[in-house]
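Working notes, structure below.
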Amino acid sequence: MVKLNILDMKNFLKTVNACTGKVNILCPDGKKMNINGKEKIQGDLWRQYFQNKNCLRLVLEIPNPTDYMNIVSYYAGDC
C-alpha cells in the first residue's frame, strides 16, 4: 500500500495505464477499485483532482512489484 498526493494527474494516469497488472484505489469504505485502463473511473479522478485545486490524495494497492516500482519512481520524480 502506498499513499500519494497527485499533483500531475496526466502523467500519473499515463504511468498507471502503462502497468501490466491491477492498480487498486483503496476507498474509505474498504472497497478496492482497479484504475488501470478504466476510463470512467479515471474521469471521476480527474473531476476530484480539479475540485481539489489540482491535487488529489490517493491510497493505492499495487500487487505487481514492477508496477509498484514504476509508480513509486514516477512519484519520486514528480515531487
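Starting from 1 in every chain, residues are counted up; chains themselves are A, B, ... following the order of the C-alpha cells, and ligands are numbered from 1 as listed.
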Within chain A, find each residue whose DSSP state, derived from the backbone, is helix (DSSP H, G or I), and express the selection as a PDB file with N, CA, C and O atoms, in the first residue's frame.
```pdb
ATOM      1  N   MET A   9      -1.897  14.858 -12.701  1.00  0.00           N
ATOM      2  CA  MET A   9      -2.815  13.757 -12.994  1.00  0.00           C
ATOM      3  C   MET A   9      -2.535  13.123 -14.350  1.00  0.00           C
ATOM      4  O   MET A   9      -2.591  11.907 -14.498  1.00  0.00           O
ATOM      5  N   LYS A  10      -2.217  13.929 -15.346  1.00  0.00           N
ATOM      6  CA  LYS A  10      -1.994  13.404 -16.698  1.00  0.00           C
ATOM      7  C   LYS A  10      -0.875  12.371 -16.706  1.00  0.00           C
ATOM      8  O   LYS A  10      -1.037  11.259 -17.204  1.00  0.00           O
ATOM      9  N   ASN A  11       0.272  12.721 -16.153  1.00  0.00           N
ATOM     10  CA  ASN A  11       1.405  11.794 -16.159  1.00  0.00           C
ATOM     11  C   ASN A  11       1.210  10.642 -15.169  1.00  0.00           C
ATOM     12  O   ASN A  11       1.704   9.543 -15.407  1.00  0.00           O
ATOM     13  N   PHE A  12       0.496  10.890 -14.075  1.00  0.00           N
ATOM     14  CA  PHE A  12       0.182   9.807 -13.144  1.00  0.00           C
ATOM     15  C   PHE A  12      -0.643   8.733 -13.857  1.00  0.00           C
ATOM     16  O   PHE A  12      -0.320   7.549 -13.800  1.00  0.00           O
ATOM     17  N   LEU A  13      -1.695   9.147 -14.556  1.00  0.00           N
ATOM     18  CA  LEU A  13      -2.546   8.175 -15.241  1.00  0.00           C
ATOM     19  C   LEU A  13      -1.812   7.514 -16.412  1.00  0.00           C
ATOM     20  O   LEU A  13      -2.041   6.343 -16.705  1.00  0.00           O
ATOM     21  N   LYS A  14      -0.913   8.236 -17.044  1.00  0.00           N
ATOM     22  CA  LYS A  14      -0.089   7.639 -18.102  1.00  0.00           C
ATOM     23  C   LYS A  14       0.759   6.512 -17.511  1.00  0.00           C
ATOM     24  O   LYS A  14       0.865   5.432 -18.097  1.00  0.00           O
ATOM     25  N   THR A  15       1.324   6.740 -16.348  1.00  0.00           N
ATOM     26  CA  THR A  15       2.128   5.724 -15.658  1.00  0.00           C
ATOM     27  C   THR A  15       1.258   4.539 -15.239  1.00  0.00           C
ATOM     28  O   THR A  15       1.636   3.383 -15.433  1.00  0.00           O
ATOM     29  N   VAL A  16       0.085   4.823 -14.692  1.00  0.00           N
ATOM     30  CA  VAL A  16      -0.842   3.761 -14.280  1.00  0.00           C
ATOM     31  C   VAL A  16      -1.241   2.907 -15.481  1.00  0.00           C
ATOM     32  O   VAL A  16      -1.231   1.675 -15.412  1.00  0.00           O
ATOM     33  N   ASN A  17      -1.581   3.539 -16.578  1.00  0.00           N
ATOM     34  CA  ASN A  17      -2.043   2.808 -17.756  1.00  0.00           C
ATOM     35  C   ASN A  17      -0.940   1.996 -18.430  1.00  0.00           C
ATOM     36  O   ASN A  17      -1.223   1.103 -19.224  1.00  0.00           O
ATOM     37  N   GLU A  39     -11.415   4.042 -18.054  1.00  0.00           N
ATOM     38  CA  GLU A  39     -11.674   5.435 -18.430  1.00  0.00           C
ATOM     39  C   GLU A  39     -12.710   6.113 -17.545  1.00  0.00           C
ATOM     40  O   GLU A  39     -12.546   7.282 -17.186  1.00  0.00           O
ATOM     41  N   LYS A  40     -13.765   5.414 -17.188  1.00  0.00           N
ATOM     42  CA  LYS A  40     -14.821   6.027 -16.378  1.00  0.00           C
ATOM     43  C   LYS A  40     -14.291   6.407 -14.994  1.00  0.00           C
ATOM     44  O   LYS A  40     -14.498   7.526 -14.524  1.00  0.00           O
ATOM     45  N   ILE A  41     -13.585   5.492 -14.358  1.00  0.00           N
ATOM     46  CA  ILE A  41     -13.025   5.774 -13.030  1.00  0.00           C
ATOM     47  C   ILE A  41     -11.986   6.881 -13.128  1.00  0.00           C
ATOM     48  O   ILE A  41     -11.939   7.779 -12.282  1.00  0.00           O
ATOM     49  N   GLN A  42     -11.174   6.844 -14.178  1.00  0.00           N
ATOM     50  CA  GLN A  42     -10.166   7.893 -14.357  1.00  0.00           C
ATOM     51  C   GLN A  42     -10.815   9.250 -14.588  1.00  0.00           C
ATOM     52  O   GLN A  42     -10.307  10.273 -14.121  1.00  0.00           O
ATOM     53  N   GLY A  43     -11.946   9.279 -15.271  1.00  0.00           N
ATOM     54  CA  GLY A  43     -12.694  10.531 -15.448  1.00  0.00           C
ATOM     55  C   GLY A  43     -13.168  11.069 -14.108  1.00  0.00           C
ATOM     56  O   GLY A  43     -13.106  12.283 -13.862  1.00  0.00           O
ATOM     57  N   ASP A  44     -13.624  10.179 -13.232  1.00  0.00           N
ATOM     58  CA  ASP A  44     -14.031  10.593 -11.881  1.00  0.00           C
ATOM     59  C   ASP A  44     -12.839  11.148 -11.109  1.00  0.00           C
ATOM     60  O   ASP A  44     -12.972  12.133 -10.372  1.00  0.00           O
ATOM     61  N   LEU A  45     -11.673  10.523 -11.273  1.00  0.00           N
ATOM     62  CA  LEU A  45     -10.467  11.024 -10.596  1.00  0.00           C
ATOM     63  C   LEU A  45     -10.104  12.418 -11.093  1.00  0.00           C
ATOM     64  O   LEU A  45      -9.699  13.277 -10.303  1.00  0.00           O
ATOM     65  N   TRP A  46     -10.224  12.631 -12.408  1.00  0.00           N
ATOM     66  CA  TRP A  46      -9.957  13.967 -12.961  1.00  0.00           C
ATOM     67  C   TRP A  46     -10.877  15.009 -12.320  1.00  0.00           C
ATOM     68  O   TRP A  46     -10.422  16.094 -11.941  1.00  0.00           O
ATOM     69  N   ARG A  47     -12.165  14.703 -12.182  1.00  0.00           N
ATOM     70  CA  ARG A  47     -13.112  15.649 -11.580  1.00  0.00           C
ATOM     71  C   ARG A  47     -12.724  15.962 -10.133  1.00  0.00           C
ATOM     72  O   ARG A  47     -12.715  17.121  -9.722  1.00  0.00           O
ATOM     73  N   GLN A  48     -12.367  14.926  -9.382  1.00  0.00           N
ATOM     74  CA  GLN A  48     -11.956  15.138  -7.994  1.00  0.00           C
ATOM     75  C   GLN A  48     -10.679  15.977  -7.929  1.00  0.00           C
ATOM     76  O   GLN A  48     -10.540  16.851  -7.081  1.00  0.00           O
ATOM     77  N   TYR A  49      -9.767  15.701  -8.827  1.00  0.00           N
ATOM     78  CA  TYR A  49      -8.497  16.419  -8.914  1.00  0.00           C
ATOM     79  C   TYR A  49      -8.743  17.912  -9.140  1.00  0.00           C
ATOM     80  O   TYR A  49      -8.178  18.760  -8.439  1.00  0.00           O
ATOM     81  N   PHE A  50      -9.607  18.249 -10.087  1.00  0.00           N
ATOM     82  CA  PHE A  50      -9.909  19.657 -10.361  1.00  0.00           C
ATOM     83  C   PHE A  50     -10.666  20.306  -9.200  1.00  0.00           C
ATOM     84  O   PHE A  50     -10.418  21.464  -8.870  1.00  0.00           O
ATOM     85  N   GLN A  51     -11.573  19.566  -8.572  1.00  0.00           N
ATOM     86  CA  GLN A  51     -12.309  20.095  -7.419  1.00  0.00           C
ATOM     87  C   GLN A  51     -11.369  20.401  -6.257  1.00  0.00           C
ATOM     88  O   GLN A  51     -11.619  21.324  -5.479  1.00  0.00           O
ATOM     89  N   PRO A  65       5.044  -6.170  -8.255  1.00  0.00           N
ATOM     90  CA  PRO A  65       6.210  -5.400  -7.779  1.00  0.00           C
ATOM     91  C   PRO A  65       6.796  -4.452  -8.824  1.00  0.00           C
ATOM     92  O   PRO A  65       7.222  -3.346  -8.487  1.00  0.00           O
ATOM     93  N   THR A  66       6.813  -4.858 -10.087  1.00  0.00           N
ATOM     94  CA  THR A  66       7.351  -3.992 -11.141  1.00  0.00           C
ATOM     95  C   THR A  66       6.464  -2.758 -11.314  1.00  0.00           C
ATOM     96  O   THR A  66       6.977  -1.630 -11.430  1.00  0.00           O
ATOM     97  N   ASP A  67       5.159  -2.964 -11.324  1.00  0.00           N
ATOM     98  CA  ASP A  67       4.227  -1.840 -11.428  1.00  0.00           C
ATOM     99  C   ASP A  67       4.384  -0.913 -10.227  1.00  0.00           C
ATOM    100  O   ASP A  67       4.382   0.317 -10.372  1.00  0.00           O
ATOM    101  N   TYR A  68       4.529  -1.506  -9.045  1.00  0.00           N
ATOM    102  CA  TYR A  68       4.715  -0.721  -7.811  1.00  0.00           C
ATOM    103  C   TYR A  68       5.943   0.181  -7.953  1.00  0.00           C
ATOM    104  O   TYR A  68       5.879   1.385  -7.687  1.00  0.00           O
ATOM    105  N   MET A  69       7.055  -0.391  -8.386  1.00  0.00           N
ATOM    106  CA  MET A  69       8.284   0.391  -8.523  1.00  0.00           C
ATOM    107  C   MET A  69       8.151   1.475  -9.596  1.00  0.00           C
ATOM    108  O   MET A  69       8.671   2.580  -9.433  1.00  0.00           O
ATOM    109  N   ASN A  70       7.440   1.181 -10.677  1.00  0.00           N
ATOM    110  CA  ASN A  70       7.242   2.193 -11.720  1.00  0.00           C
ATOM    111  C   ASN A  70       6.442   3.385 -11.191  1.00  0.00           C
ATOM    112  O   ASN A  70       6.770   4.536 -11.486  1.00  0.00           O
ATOM    113  N   ILE A  71       5.405   3.117 -10.409  1.00  0.00           N
ATOM    114  CA  ILE A  71       4.587   4.207  -9.869  1.00  0.00           C
ATOM    115  C   ILE A  71       5.357   4.982  -8.803  1.00  0.00           C
ATOM    116  O   ILE A  71       5.335   6.213  -8.786  1.00  0.00           O
ATOM    117  N   VAL A  72       6.076   4.282  -7.939  1.00  0.00           N
ATOM    118  CA  VAL A  72       6.878   4.966  -6.917  1.00  0.00           C
ATOM    119  C   VAL A  72       7.978   5.804  -7.575  1.00  0.00           C
ATOM    120  O   VAL A  72       8.228   6.944  -7.157  1.00  0.00           O
ATOM    121  N   SER A  73       8.608   5.273  -8.616  1.00  0.00           N
ATOM    122  CA  SER A  73       9.649   6.030  -9.334  1.00  0.00           C
ATOM    123  C   SER A  73       9.066   7.264 -10.000  1.00  0.00           C
ATOM    124  O   SER A  73       9.663   8.347  -9.970  1.00  0.00           O
ATOM    125  N   TYR A  74       7.875   7.116 -10.613  1.00  0.00           N
ATOM    126  CA  TYR A  74       7.206   8.278 -11.206  1.00  0.00           C
ATOM    127  C   TYR A  74       6.974   9.334 -10.120  1.00  0.00           C
ATOM    128  O   TYR A  74       7.266  10.497 -10.293  1.00  0.00           O
ATOM    129  N   TYR A  75       6.424   8.876  -8.984  1.00  0.00           N
ATOM    130  CA  TYR A  75       6.062   9.806  -7.914  1.00  0.00           C
ATOM    131  C   TYR A  75       7.296  10.516  -7.356  1.00  0.00           C
ATOM    132  O   TYR A  75       7.266  11.713  -7.120  1.00  0.00           O
ATOM    133  N   ALA A  76       8.369   9.780  -7.160  1.00  0.00           N
ATOM    134  CA  ALA A  76       9.606  10.378  -6.636  1.00  0.00           C
ATOM    135  C   ALA A  76      10.135  11.439  -7.594  1.00  0.00           C
ATOM    136  O   ALA A  76      10.638  12.480  -7.164  1.00  0.00           O
ATOM    137  N   GLY A  77       9.998  11.219  -8.881  1.00  0.00           N
ATOM    138  CA  GLY A  77      10.458  12.195  -9.873  1.00  0.00           C
ATOM    139  C   GLY A  77       9.533  13.389 -10.009  1.00  0.00           C
ATOM    140  O   GLY A  77       9.932  14.447 -10.455  1.00  0.00           O
ATOM    141  N   ASP A  78       8.275  13.215  -9.586  1.00  0.00           N
ATOM    142  CA  ASP A  78       7.265  14.281  -9.705  1.00  0.00           C
ATOM    143  C   ASP A  78       7.333  15.268  -8.555  1.00  0.00           C
ATOM    144  O   ASP A  78       6.839  16.370  -8.662  1.00  0.00           O
TER     145      ASP A  78
END
```
Polymer residues at most 8 Å from range 20-22 of chain A, only C-alpha atoms, same-chain spacing of 4 or more positions, as a PDB file with N, CA and C atoms, in the first residue's frame:
```
ATOM      1  N   ASN A  34      -9.934  -1.085  -9.347  1.00  0.00           N
ATOM      2  CA  ASN A  34      -8.818  -1.066 -10.276  1.00  0.00           C
ATOM      3  C   ASN A  34      -8.973   0.137 -11.208  1.00  0.00           C
ATOM      4  N   ILE A  35      -7.931   0.964 -11.304  1.00  0.00           N
ATOM      5  CA  ILE A  35      -7.997   2.147 -12.167  1.00  0.00           C
ATOM      6  C   ILE A  35      -7.184   1.981 -13.451  1.00  0.00           C
ATOM      7  N   ASN A  36      -6.458   0.887 -13.590  1.00  0.00           N
ATOM      8  CA  ASN A  36      -5.616   0.676 -14.761  1.00  0.00           C
ATOM      9  C   ASN A  36      -6.486   0.477 -16.003  1.00  0.00           C
ATOM     10  N   ILE A  62      -0.853  -1.969  -5.115  1.00  0.00           N
ATOM     11  CA  ILE A  62      -0.297  -2.353  -6.413  1.00  0.00           C
ATOM     12  C   ILE A  62       0.367  -3.723  -6.241  1.00  0.00           C
ATOM     13  N   PRO A  63      -0.348  -4.797  -6.587  1.00  0.00           N
ATOM     14  CA  PRO A  63       0.161  -6.147  -6.334  1.00  0.00           C
ATOM     15  C   PRO A  63       1.439  -6.521  -7.095  1.00  0.00           C
ATOM     16  N   ASN A  64       1.584  -6.042  -8.326  1.00  0.00           N
ATOM     17  CA  ASN A  64       2.744  -6.392  -9.142  1.00  0.00           C
ATOM     18  C   ASN A  64       3.940  -5.536  -8.712  1.00  0.00           C
ATOM     19  N   ASP A  67       5.159  -2.964 -11.324  1.00  0.00           N
ATOM     20  CA  ASP A  67       4.227  -1.840 -11.428  1.00  0.00           C
ATOM     21  C   ASP A  67       4.384  -0.913 -10.227  1.00  0.00           C
TER      22      ASP A  67
END
```
- For the atom pair CA of Leu7 in chain A and CA of Leu56 in chain A, what is the interatomic distance in Å to one decimal place?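 Between CA of Leu7 in chain A and CA of Leu56 in chain A the gap works out to 6.9 Å.
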- DSSP strand (DSSP E) selection over chain A, as an MDAnalysis selection string: chainID A and resid 2:6 24:26 32:34 56:61
- Query: Residues at most 12 Å from Lys32 in chain A, counting only C-alpha atoms, excluding those fewer than 6 positions away in the same chain, as a ChimeraX atom specification?
  - Reply: /A:1,22-26,41,58-62
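The coordinates place CA of Ile6 in chain A at 15.8 Å from CA of Cys27 in chain A.
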